[in-house]
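Trainee: If it helps, the file is called model_13.txt and holds compact mmCIF, C-alpha atoms:
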# COMPACT_ATOMS: atom_id res chain seq x y z
CA MET A 1 6.67 -17.38 -20.40
CA GLU A 2 2.98 -18.09 -20.80
CA LYS A 3 0.70 -15.71 -18.96
CA LYS A 4 -1.46 -17.32 -16.30
CA SER A 5 -3.92 -14.80 -14.89
CA VAL A 6 -6.34 -16.07 -12.28
CA SER A 7 -8.45 -14.51 -9.55
CA VAL A 8 -7.90 -14.86 -5.80
CA THR A 9 -11.02 -14.95 -3.64
CA LEU A 10 -11.37 -14.80 0.14
CA GLU A 11 -14.85 -15.65 1.37
CA HIS A 12 -15.44 -14.49 4.96
CA VAL A 13 -12.02 -15.66 6.10
CA THR A 14 -11.18 -15.50 9.81
CA LYS A 15 -7.97 -16.60 11.54
CA ARG A 16 -7.88 -17.14 15.31
CA PHE A 17 -4.76 -18.04 17.24
CA ARG A 18 -5.38 -20.01 20.42
CA ASN A 19 -4.01 -18.48 23.59
CA VAL A 20 -2.37 -21.27 25.61
CA LYS A 21 -2.45 -19.28 28.87
CA GLY A 22 -6.21 -19.39 29.14
CA LYS A 23 -6.79 -15.88 27.83
CA ALA A 24 -9.06 -14.94 24.95
CA ASP A 25 -8.11 -16.09 21.46
CA VAL A 26 -6.27 -13.62 19.27
CA ILE A 27 -8.23 -12.79 16.12
CA ALA A 28 -5.55 -11.94 13.57
CA VAL A 29 -7.93 -11.68 10.59
CA ASN A 30 -11.64 -11.05 11.06
CA ASP A 31 -14.14 -11.85 8.28
CA SER A 32 -12.01 -10.80 5.29
CA ASP A 33 -14.07 -10.92 2.12
CA PHE A 34 -12.70 -9.72 -1.22
CA VAL A 35 -11.82 -10.73 -4.79
CA ILE A 36 -8.53 -9.97 -6.55
CA GLN A 37 -9.13 -9.91 -10.30
CA PRO A 38 -6.92 -11.82 -12.79
CA GLY A 39 -3.71 -9.93 -13.53
CA GLU A 40 -4.33 -7.39 -10.77
CA LEU A 41 -1.71 -6.24 -8.26
CA VAL A 42 -3.36 -5.65 -4.90
CA THR A 43 -1.56 -4.41 -1.80
CA LEU A 44 -2.46 -5.29 1.77
CA LEU A 45 -1.58 -2.14 3.70
CA GLY A 46 -1.65 -1.46 7.41
CA PRO A 47 0.34 -1.05 10.62
CA SER A 48 2.17 -3.91 12.33
CA GLY A 49 -0.25 -6.46 13.74
CA CYS A 50 -3.12 -5.53 11.42
CA GLY A 51 -3.36 -9.02 9.84
CA LYS A 52 -1.88 -8.33 6.42
CA THR A 53 0.95 -10.90 6.62
CA THR A 54 -1.38 -13.51 8.14
CA THR A 55 -3.73 -12.95 5.18
CA LEU A 56 -0.86 -13.46 2.74
CA ARG A 57 0.28 -16.62 4.56
CA MET A 58 -3.23 -18.05 4.35
CA ILE A 59 -3.31 -17.43 0.58
CA ALA A 60 0.10 -19.16 0.34
CA GLY A 61 -0.99 -22.08 2.53
CA PHE A 62 1.47 -21.48 5.39
CA GLU A 63 -1.50 -20.76 7.68
CA LEU A 64 -4.95 -22.35 7.52
CA PRO A 65 -8.04 -20.21 8.14
CA THR A 66 -10.24 -20.88 11.14
CA GLU A 67 -13.33 -20.01 9.12
CA GLY A 68 -14.12 -19.20 5.49
CA ARG A 69 -12.80 -20.28 2.09
CA ILE A 70 -9.89 -19.32 -0.17
CA LEU A 71 -10.09 -19.86 -3.92
CA ILE A 72 -7.42 -19.47 -6.59
CA GLY A 73 -9.30 -19.26 -9.83
CA ASP A 74 -12.17 -21.75 -9.43
CA GLN A 75 -10.16 -24.10 -7.19
CA ASP A 76 -10.88 -24.23 -3.47
CA VAL A 77 -7.39 -24.27 -1.90
CA THR A 78 -8.47 -23.55 1.69
CA MET A 79 -6.93 -26.70 3.18
CA LEU A 80 -4.24 -27.43 0.57
CA PRO A 81 -0.53 -27.31 1.55
CA PRO A 82 1.70 -24.68 -0.11
CA ASN A 83 3.19 -27.10 -2.65
CA LYS A 84 -0.28 -27.93 -3.96
CA ARG A 85 -1.14 -24.30 -4.73
CA ASP A 86 -0.01 -22.57 -7.91
CA THR A 87 1.66 -19.72 -6.02
CA ALA A 88 5.17 -18.41 -5.41
CA THR A 89 6.16 -16.35 -2.38
CA MET A 90 8.93 -13.78 -2.11
CA PHE A 91 9.82 -13.00 1.48
CA GLN A 92 11.43 -10.02 3.21
CA SER A 93 14.52 -12.19 3.69
CA TYR A 94 15.52 -13.25 0.18
CA GLY A 95 16.76 -16.68 1.31
CA LEU A 96 19.22 -17.11 -1.55
CA PHE A 97 21.45 -20.18 -1.37
CA PRO A 98 24.98 -18.80 -0.74
CA HIS A 99 26.73 -21.90 -2.13
CA MET A 100 24.91 -21.64 -5.47
CA THR A 101 25.44 -19.28 -8.39
CA VAL A 102 22.78 -16.84 -9.49
CA PHE A 103 21.86 -19.23 -12.32
CA ASP A 104 21.45 -22.20 -9.98
CA ASN A 105 19.43 -20.17 -7.45
CA VAL A 106 16.96 -19.19 -10.17
CA ALA A 107 16.90 -22.71 -11.66
CA TYR A 108 16.24 -24.40 -8.31
CA GLY A 109 12.45 -24.55 -8.59
CA LEU A 110 12.60 -25.92 -12.12
CA LYS A 111 15.04 -28.65 -11.05
CA LEU A 112 12.66 -29.70 -8.28
CA ARG A 113 9.96 -30.03 -10.92
CA LYS A 114 12.33 -32.19 -13.01
CA VAL A 115 12.22 -29.87 -16.01
CA ASP A 116 14.55 -30.86 -18.89
CA LYS A 117 18.04 -29.32 -18.63
CA ALA A 118 17.86 -27.63 -22.01
CA GLU A 119 14.53 -26.01 -21.12
CA ILE A 120 15.91 -24.94 -17.74
CA LYS A 121 18.78 -23.11 -19.43
CA THR A 122 16.47 -21.42 -21.91
CA ARG A 123 13.99 -20.28 -19.27
CA VAL A 124 16.60 -19.15 -16.74
CA ASP A 125 18.54 -17.18 -19.36
CA GLU A 126 15.29 -15.55 -20.48
CA MET A 127 14.34 -14.63 -16.91
CA LEU A 128 17.79 -13.26 -16.05
CA ASN A 129 17.74 -11.08 -19.16
CA LEU A 130 14.23 -9.85 -18.31
CA LEU A 131 15.43 -8.67 -14.88
CA GLY A 132 18.72 -7.20 -16.11
CA LEU A 133 20.85 -10.00 -14.64
CA GLY A 134 21.97 -11.61 -17.88
CA ASP A 135 25.71 -11.22 -17.26
CA LEU A 136 25.60 -12.23 -13.57
CA GLY A 137 24.55 -15.87 -13.87
CA GLU A 138 27.85 -17.31 -12.64
CA ARG A 139 28.25 -15.02 -9.64
CA PRO A 140 27.50 -16.12 -6.06
CA PRO A 141 24.89 -14.01 -4.19
CA SER A 142 27.60 -12.61 -1.89
CA ARG A 143 29.05 -10.67 -4.84
CA LEU A 144 25.77 -8.94 -5.66
CA SER A 145 24.36 -5.64 -4.45
CA GLY A 146 21.16 -5.55 -2.42
CA GLY A 147 19.10 -4.60 -5.46
CA GLN A 148 20.62 -7.40 -7.53
CA GLN A 149 19.91 -9.95 -4.79
CA GLN A 150 16.34 -8.73 -4.67
CA ARG A 151 15.99 -9.28 -8.42
CA VAL A 152 17.46 -12.79 -8.15
CA ALA A 153 14.86 -13.63 -5.49
CA LEU A 154 12.13 -12.23 -7.74
CA ALA A 155 13.45 -14.24 -10.72
CA ARG A 156 13.42 -17.42 -8.62
CA SER A 157 9.77 -16.80 -7.72
CA LEU A 158 8.73 -15.99 -11.29
CA ILE A 159 10.63 -18.77 -13.08
CA VAL A 160 8.10 -21.43 -12.06
CA ALA A 161 5.37 -19.40 -13.80
CA PRO A 162 3.00 -19.20 -10.80
CA SER A 163 -0.58 -18.17 -11.23
CA VAL A 164 -0.26 -15.94 -8.17
CA LEU A 165 2.84 -14.09 -6.94
CA LEU A 166 2.89 -13.25 -3.22
CA LEU A 167 5.31 -10.60 -1.95
CA ASP A 168 5.87 -10.07 1.78
CA GLU A 169 7.58 -6.68 2.25
CA PRO A 170 10.31 -7.60 -0.27
CA LEU A 171 11.89 -4.13 -0.39
CA SER A 172 12.32 -3.48 3.32
CA ASN A 173 16.02 -4.39 3.30
CA LEU A 174 16.92 -1.89 0.56
CA ASP A 175 17.94 1.74 0.89
CA ALA A 176 15.54 4.50 -0.15
CA LEU A 177 16.83 4.97 -3.69
CA LEU A 178 16.86 1.22 -4.46
CA ARG A 179 13.37 0.85 -3.01
CA GLU A 180 12.11 3.50 -5.41
CA GLN A 181 13.83 1.86 -8.39
CA MET A 182 12.65 -1.64 -7.54
CA ARG A 183 9.04 -0.51 -7.05
CA VAL A 184 9.02 0.53 -10.68
CA GLU A 185 10.72 -2.69 -11.80
CA ILE A 186 8.28 -4.93 -9.94
CA LYS A 187 5.30 -3.11 -11.42
CA LYS A 188 6.72 -3.30 -14.96
CA ILE A 189 7.51 -7.02 -14.68
CA GLN A 190 4.17 -7.91 -13.10
CA ARG A 191 2.27 -6.10 -15.85
CA ALA A 192 4.46 -7.55 -18.61
CA LEU A 193 3.86 -11.11 -17.40
CA GLY A 194 0.19 -10.58 -16.49
CA ILE A 195 0.56 -12.40 -13.18
CA THR A 196 -1.91 -11.83 -10.35
CA ALA A 197 0.05 -10.42 -7.40
CA VAL A 198 -0.59 -9.76 -3.72
CA TYR A 199 1.85 -7.38 -2.04
CA VAL A 200 2.17 -6.81 1.71
CA THR A 201 3.64 -3.58 3.10
CA HIS A 202 3.24 -0.99 5.84
CA ASP A 203 4.79 1.63 3.54
CA ARG A 204 2.07 3.82 2.08
CA THR A 205 4.33 5.08 -0.73
CA GLU A 206 4.92 1.52 -1.93
CA ALA A 207 1.22 0.75 -1.76
CA MET A 208 0.15 3.87 -3.64
CA SER A 209 2.79 3.60 -6.37
CA LEU A 210 2.54 -0.15 -7.03
CA SER A 211 -1.09 -1.08 -6.70
CA ASP A 212 -4.10 -1.41 -8.92
CA ARG A 213 -6.08 -1.50 -5.67
CA VAL A 214 -5.23 -1.16 -1.98
CA ILE A 215 -6.78 -3.05 0.93
CA VAL A 216 -6.30 -1.05 4.15
CA MET A 217 -6.41 -3.13 7.35
CA LYS A 218 -6.47 -2.37 11.06
CA ASN A 219 -6.74 -4.83 13.96
CA GLY A 220 -7.52 -7.71 11.60
CA VAL A 221 -10.40 -5.90 9.90
CA ILE A 222 -10.53 -4.50 6.36
CA ARG A 223 -11.25 -0.80 6.70
CA GLN A 224 -11.44 0.17 3.03
CA ILE A 225 -10.73 -1.22 -0.45
CA GLY A 226 -10.14 1.01 -3.45
CA THR A 227 -7.75 2.30 -6.08
CA PRO A 228 -4.85 4.40 -4.76
CA SER A 229 -6.62 7.60 -5.84
CA GLU A 230 -9.89 6.52 -4.18
CA ILE A 231 -8.14 5.64 -0.93
CA TYR A 232 -6.17 8.90 -0.92
CA GLN A 233 -8.85 11.32 -2.09
CA SER A 234 -11.94 9.67 -0.64
CA PRO A 235 -11.09 7.90 2.64
CA ASP A 236 -14.03 6.67 4.67
CA SER A 237 -12.46 7.17 8.12
CA ARG A 238 -9.88 9.22 9.98
CA PHE A 239 -7.69 6.13 10.31
CA VAL A 240 -7.53 5.50 6.56
CA ALA A 241 -7.07 9.20 5.81
CA GLY A 242 -4.16 9.52 8.20
CA PHE A 243 -2.50 6.23 7.32
CA VAL A 244 -2.30 6.69 3.54
CA GLY A 245 -1.12 10.32 3.59
CA LYS A 246 -0.66 13.54 5.49
CA ALA A 247 -3.92 15.14 6.55
CA ALA A 248 -5.31 17.88 8.77
CA PHE A 249 -8.59 17.40 10.63
CA PHE A 250 -10.79 20.38 11.51
CA PRO A 251 -13.70 19.77 13.94
CA VAL A 252 -17.03 21.03 12.61
CA THR A 253 -20.75 20.67 13.14
CA ILE A 254 -22.80 19.63 10.11
CA LYS A 255 -25.79 21.93 9.86
CA GLY A 256 -27.48 20.20 6.93
CA HIS A 257 -26.93 19.23 3.33
CA ASP A 258 -28.65 19.78 0.03
CA GLY A 259 -27.72 17.30 -2.67
CA GLU A 260 -23.94 17.22 -2.88
CA HIS A 261 -23.27 20.26 -0.68
CA TYR A 262 -22.91 20.12 3.10
CA LYS A 263 -23.10 23.14 5.38
CA ALA A 264 -20.57 22.90 8.20
CA ASP A 265 -19.94 25.23 11.13
CA LEU A 266 -16.17 25.72 11.52
CA GLY A 267 -15.49 27.86 14.58
CA GLY A 268 -18.53 30.04 13.92
CA LYS A 269 -17.99 30.28 10.16
CA ILE A 270 -20.28 28.37 7.81
CA VAL A 271 -18.30 26.59 5.09
CA ASP A 272 -19.47 24.54 2.12
CA VAL A 273 -18.07 21.01 1.69
CA LYS A 274 -18.87 18.95 -1.39
CA HIS A 275 -17.71 15.44 -0.39
CA ALA A 276 -18.49 13.29 2.66
CA ALA A 277 -18.01 9.73 3.85
CA PRO A 278 -21.09 7.48 3.50
CA GLY A 279 -23.65 7.58 6.30
CA LEU A 280 -22.83 11.00 7.76
CA SER A 281 -25.72 12.95 9.26
CA ASP A 282 -26.08 16.30 10.97
CA GLY A 283 -23.93 16.72 14.06
CA ARG A 284 -20.26 16.52 14.98
CA ALA A 285 -17.74 15.65 12.25
CA VAL A 286 -14.33 16.65 10.94
CA ILE A 287 -13.15 18.17 7.68
CA MET A 288 -10.21 16.17 6.28
CA ALA A 289 -7.85 18.27 4.18
CA ARG A 290 -4.64 17.15 2.43
CA PRO A 291 -1.69 19.61 2.60
CA GLU A 292 -1.92 20.29 -1.15
CA SER A 293 -5.62 21.17 -0.87
CA LEU A 294 -5.04 24.00 1.60
CA ARG A 295 -4.19 27.59 0.73
CA ILE A 296 -2.47 30.29 2.79
CA LYS A 297 -4.05 33.72 2.55
CA GLY A 298 -3.68 37.03 4.29
CA ARG A 299 -5.00 37.53 7.79
CA GLY A 300 -8.82 37.52 7.89
CA GLU A 301 -9.22 36.26 4.33
CA GLY A 302 -9.58 32.52 5.04
CA SER A 303 -11.51 30.20 7.34
CA ILE A 304 -8.86 29.59 10.03
CA GLU A 305 -6.48 32.18 11.47
CA GLY A 306 -2.86 31.33 12.25
CA ARG A 307 0.80 32.24 12.17
CA VAL A 308 3.51 30.72 9.97
CA LYS A 309 5.83 28.73 12.24
CA LEU A 310 8.23 27.14 9.75
CA ASN A 311 8.86 26.99 6.00
CA VAL A 312 10.64 23.93 4.58
CA TYR A 313 12.01 24.22 1.04
CA LEU A 314 11.76 20.97 -0.98
CA GLY A 315 12.65 22.27 -4.44
CA SER A 316 9.40 21.53 -6.26
CA ALA A 317 7.33 22.55 -3.24
CA ILE A 318 7.43 24.41 0.05
CA GLU A 319 5.90 22.98 3.22
CA SER A 320 4.55 25.70 5.50
CA PHE A 321 3.72 24.74 9.08
CA VAL A 322 1.09 27.09 10.48
CA ASP A 323 0.12 27.38 14.16
CA THR A 324 -3.66 27.72 14.56
CA PRO A 325 -6.15 27.49 17.46
CA LEU A 326 -6.88 23.96 16.14
CA GLY A 327 -3.24 22.89 16.25
CA GLU A 328 -0.37 22.88 13.77
CA VAL A 329 -1.46 22.62 10.13
CA LEU A 330 0.77 21.65 7.22
CA VAL A 331 0.18 23.48 3.92
CA GLU A 332 2.00 22.31 0.79
CA ILE A 333 2.71 24.98 -1.82
CA ASP A 334 3.44 23.27 -5.15
CA ASP A 335 5.64 24.95 -7.76
CA PRO A 336 6.43 27.89 -5.46
CA TYR A 337 8.29 29.93 -8.07
CA GLY A 338 6.46 33.21 -8.54
CA ARG A 339 3.97 32.55 -5.73
CA LYS A 340 3.64 34.60 -2.58
CA ILE A 341 5.39 32.80 0.26
CA TYR A 342 4.50 34.12 3.71
CA SER A 343 7.46 34.56 6.03
CA GLU A 344 7.96 32.69 9.29
CA GLY A 345 6.22 34.57 12.07
CA GLU A 346 3.75 36.28 9.71
CA GLU A 347 0.05 36.25 10.63
CA VAL A 348 -2.02 34.47 7.98
CA SER A 349 -5.21 32.50 7.45
CA ILE A 350 -5.92 29.11 5.89
CA ASP A 351 -8.61 28.31 3.38
CA PHE A 352 -9.62 25.35 1.21
CA ALA A 353 -11.77 24.66 -1.83
CA PRO A 354 -15.09 22.86 -1.10
CA ASP A 355 -14.37 20.14 -3.67
CA ARG A 356 -10.84 19.36 -2.37
CA VAL A 357 -11.77 18.33 1.19
CA ARG A 358 -13.95 15.59 2.72
CA LEU A 359 -16.23 15.29 5.74
CA LEU A 360 -15.55 12.29 7.99
CA ALA A 361 -17.02 10.98 11.22
CA GLU A 362 -15.57 12.64 14.33
CA SER A 363 -14.52 9.30 15.84
CA GLU A 364 -11.11 7.84 14.96
CA GLU A 365 -12.92 4.67 13.89
Represent the structure contained in this file as structure tokens.
Mentor:
Amino acid sequence: MEKKSVSVTLEHVTKRFRNVKGKADVIAVNDSDFVIQPGELVTLLGPSGCGKTTTLRMIAGFELPTEGRILIGDQDVTMLPPNKRDTATMFQSYGLFPHMTVFDNVAYGLKLRKVDKAEIKTRVDEMLNLLGLGDLGERPPSRLSGGQQQRVALARSLIVAPSVLLLDEPLSNLDALLREQMRVEIKKIQRALGITAVYVTHDRTEAMSLSDRVIVMKNGVIRQIGTPSEIYQSPDSRFVAGFVGKAAFFPVTIKGHDGEHYKADLGGKIVDVKHAAPGLSDGRAVIMARPESLRIKGRGEGSIEGRVKLNVYLGSAIESFVDTPLGEVLVEIDDPYGRKIYSEGEEVSIDFAPDRVRLLAESEE
């Protein structure tokens, strides 16, 4: 299959839904403005109602924006119907035709395009082999596992060689193990074919493991765009920090900064913090710390005193839940073999390295 890598551009796109009962309009997407590069897989991530599916539907043409423009490559597709856009959409419900074989389900789009029968067979066989379905072509969908049905739906989307592949929570119907396996398969196939892809999910693990970049949304507004590591390590708000991973927040007062180092008052102790969200000034803030960035020490040795409430053994790590005056704090101890593990009920303290935590605005926004 020939690679067709194009960009996807949203220019100040807004979508309003009219309220027929005389109330205010619902703004599902508010001034979205971003570019997805050719061959890139970008995930729209956020809670239910944040606007991620509406954004995907506007790219596909199932919804038209109230304001702004959408471009696929250099073509303005803002007002074009779905069949006039070079996209393919894979939905949460696979929508396989139960009366057709796997082969005929995958070939359906090519038949609609009146592709020659010999070419259809060649392309479908090639696609089925690519997705590990080569010996299942004559089976009906009812005789397939959930993971196999998911791959048939993916093959049907890819067979028409779209410039842009759109995926709307395609793994939500699978069990945990299959979800993990199919995340890897989707990423491998997307990279092998070089197709630009937009993936919608509320599952942070999917977003972090699949994406070249992540777009985090809340209430129709883009809150942050970045690589998975940027979003995880350098969130710009408490919402983003908490949505993409576990985090503890310690209230502090910023007392000043010199270059990269900030002085913060944490319960009467002055601590150094190296990283901060843009625009922070002296005053109230919070220190955001991931569980793996925290350390448990003996009583009086760290910055925050506490008592071990619960230890949870995970094999490669131990999660220690520590009661502190600031609330319960989760500390992750990686590779615990040979390390000191404090017992439940033991008095301890918590500390962190200045370059492993981040200062954020005190407000949730």
Trainee: Can you tell me which residues surround range 80-94 of chain A at a distance of at most 6 Å, considering all atoms listed in the file, apart from same-chain residues fewer than 4 positions away, and format the answer as JSON, numbers by chain?
Mentor: {"A": [60, 61, 153, 157, 162, 163, 164, 165, 166, 167, 168, 169, 170]}
Trainee: Quick check, in Å to one decimal: how far apart do CA of Leu64 in chain A and CA of Asp25 in chain A lie?
Mentor: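 Distance between the two atoms: 15.6 Å.
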Trainee: CA of Lys309 in chain A to CA of Gly345 in chain A: how many Å, to one decimal?
Mentor: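 CA of Lys309 in chain A sits 5.9 Å away from CA of Gly345 in chain A.
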Trainee: To one decimal place, how far is CA of Ser5 in chain A from CA of Gly132 in chain A in Å?
Mentor: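 If I compute the distance from CA of Ser5 in chain A to CA of Gly132 in chain A, I get 23.9 Å.
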Trainee: I want to know what sits within 9 Å of range 315-324 of chain A, based on only C-alpha atoms, with residues of the same chain fewer than 2 positions away left out; could you give that as an MDAnalysis selection string?
Mentor: chainID A and resid 291 296 304:313 326:337 341:342 344 348:350
Trainee: Take the residues that were just selected and, keeping C-alpha atoms, output them as a CSV table (one decimal), in the coordinates of the input.
Mentor:
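again-v8.csv was written with the following content:
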chain,number,residue,atom,x,y,z
A,291,PRO,CA,-1.7,19.6,2.6
A,296,ILE,CA,-2.5,30.3,2.8
A,304,ILE,CA,-8.9,29.6,10.0
A,305,GLU,CA,-6.5,32.2,11.5
A,306,GLY,CA,-2.9,31.3,12.2
A,307,ARG,CA,0.8,32.2,12.2
A,308,VAL,CA,3.5,30.7,10.0
A,309,LYS,CA,5.8,28.7,12.2
A,310,LEU,CA,8.2,27.1,9.8
A,311,ASN,CA,8.9,27.0,6.0
A,312,VAL,CA,10.6,23.9,4.6
A,313,TYR,CA,12.0,24.2,1.0
A,326,LEU,CA,-6.9,24.0,16.1
A,327,GLY,CA,-3.2,22.9,16.2
A,328,GLU,CA,-0.4,22.9,13.8
A,329,VAL,CA,-1.5,22.6,10.1
A,330,LEU,CA,0.8,21.6,7.2
A,331,VAL,CA,0.2,23.5,3.9
A,332,GLU,CA,2.0,22.3,0.8
A,333,ILE,CA,2.7,25.0,-1.8
A,334,ASP,CA,3.4,23.3,-5.2
A,335,ASP,CA,5.6,25.0,-7.8
A,336,PRO,CA,6.4,27.9,-5.5
A,337,TYR,CA,8.3,29.9,-8.1
A,341,ILE,CA,5.4,32.8,0.3
A,342,TYR,CA,4.5,34.1,3.7
A,344,GLU,CA,8.0,32.7,9.3
A,348,VAL,CA,-2.0,34.5,8.0
A,349,SER,CA,-5.2,32.5,7.4
A,350,ILE,CA,-5.9,29.1,5.9
Trainee: Which residues come within 10 Å of range 184-188 of chain A, counting all atoms listed in the file, excluding same-chain residues fewer than 6 positions away, as a list of chain:residue names?
Mentor: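 Contacts, with the query itself left out: A:Leu41, A:Leu131, A:Arg151, A:Leu154, A:Gly194, A:Ala197, A:Glu206, A:Ser209, A:Leu210, A:Ser211, A:Asp212.
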Trainee: Which is closer to Ser142 in chain A than all the others in A:Thr43, A:Thr53, A:Pro98, A:Leu130, using all atoms listed in the file?
Mentor: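 Residue with the minimum atom-to-atom distance to Ser142 in chain A: A:Pro98.
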Trainee: Neighbours of Ala241 in chain A within 12 Å (all atoms listed in the file; same-chain residues fewer than 2 positions away dropped), as number ranges by chain?
Mentor: A: 204, 216, 223-224, 228-239, 243-249, 277, 286-290, 357-361, 364-365
Trainee: With C-alpha atoms retained, could you export that selection as a JSON list (two decimals), in the frame of the given file?
Mentor:
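Heads up, here's the output in out_0.json:
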[["chain", "number", "residue", "atom", "x", "y", "z"],
["A", 204, "ARG", "CA", 2.07, 3.82, 2.08],
["A", 216, "VAL", "CA", -6.30, -1.05, 4.15],
["A", 223, "ARG", "CA", -11.25, -0.80, 6.70],
["A", 224, "GLN", "CA", -11.44, 0.17, 3.03],
["A", 228, "PRO", "CA", -4.85, 4.40, -4.76],
["A", 229, "SER", "CA", -6.62, 7.60, -5.84],
["A", 230, "GLU", "CA", -9.89, 6.52, -4.18],
["A", 231, "ILE", "CA", -8.14, 5.64, -0.93],
["A", 232, "TYR", "CA", -6.17, 8.90, -0.92],
["A", 233, "GLN", "CA", -8.85, 11.32, -2.09],
["A", 234, "SER", "CA", -11.94, 9.67, -0.64],
["A", 235, "PRO", "CA", -11.09, 7.90, 2.64],
["A", 236, "ASP", "CA", -14.03, 6.67, 4.67],
["A", 237, "SER", "CA", -12.46, 7.17, 8.12],
["A", 238, "ARG", "CA", -9.88, 9.22, 9.98],
["A", 239, "PHE", "CA", -7.69, 6.13, 10.31],
["A", 243, "PHE", "CA", -2.50, 6.23, 7.32],
["A", 244, "VAL", "CA", -2.30, 6.69, 3.54],
["A", 245, "GLY", "CA", -1.12, 10.32, 3.59],
["A", 246, "LYS", "CA", -0.66, 13.54, 5.49],
["A", 247, "ALA", "CA", -3.92, 15.14, 6.55],
["A", 248, "ALA", "CA", -5.31, 17.88, 8.77],
["A", 249, "PHE", "CA", -8.59, 17.40, 10.63],
["A", 277, "ALA", "CA", -18.01, 9.73, 3.85],
["A", 286, "VAL", "CA", -14.33, 16.65, 10.94],
["A", 287, "ILE", "CA", -13.15, 18.17, 7.68],
["A", 288, "MET", "CA", -10.21, 16.17, 6.28],
["A", 289, "ALA", "CA", -7.85, 18.27, 4.18],
["A", 290, "ARG", "CA", -4.64, 17.15, 2.43],
["A", 357, "VAL", "CA", -11.77, 18.33, 1.19],
["A", 358, "ARG", "CA", -13.95, 15.59, 2.72],
["A", 359, "LEU", "CA", -16.23, 15.29, 5.74],
["A", 360, "LEU", "CA", -15.55, 12.29, 7.99],
["A", 361, "ALA", "CA", -17.02, 10.98, 11.22],
["A", 364, "GLU", "CA", -11.11, 7.84, 14.96],
["A", 365, "GLU", "CA", -12.92, 4.67, 13.89]]
Trainee: Counting all atoms listed in the file, which residue out of A:Val29, A:Val42, A:Leu266, A:Phe103 sits closest to Ala207 in chain A?
Mentor: A:Val42
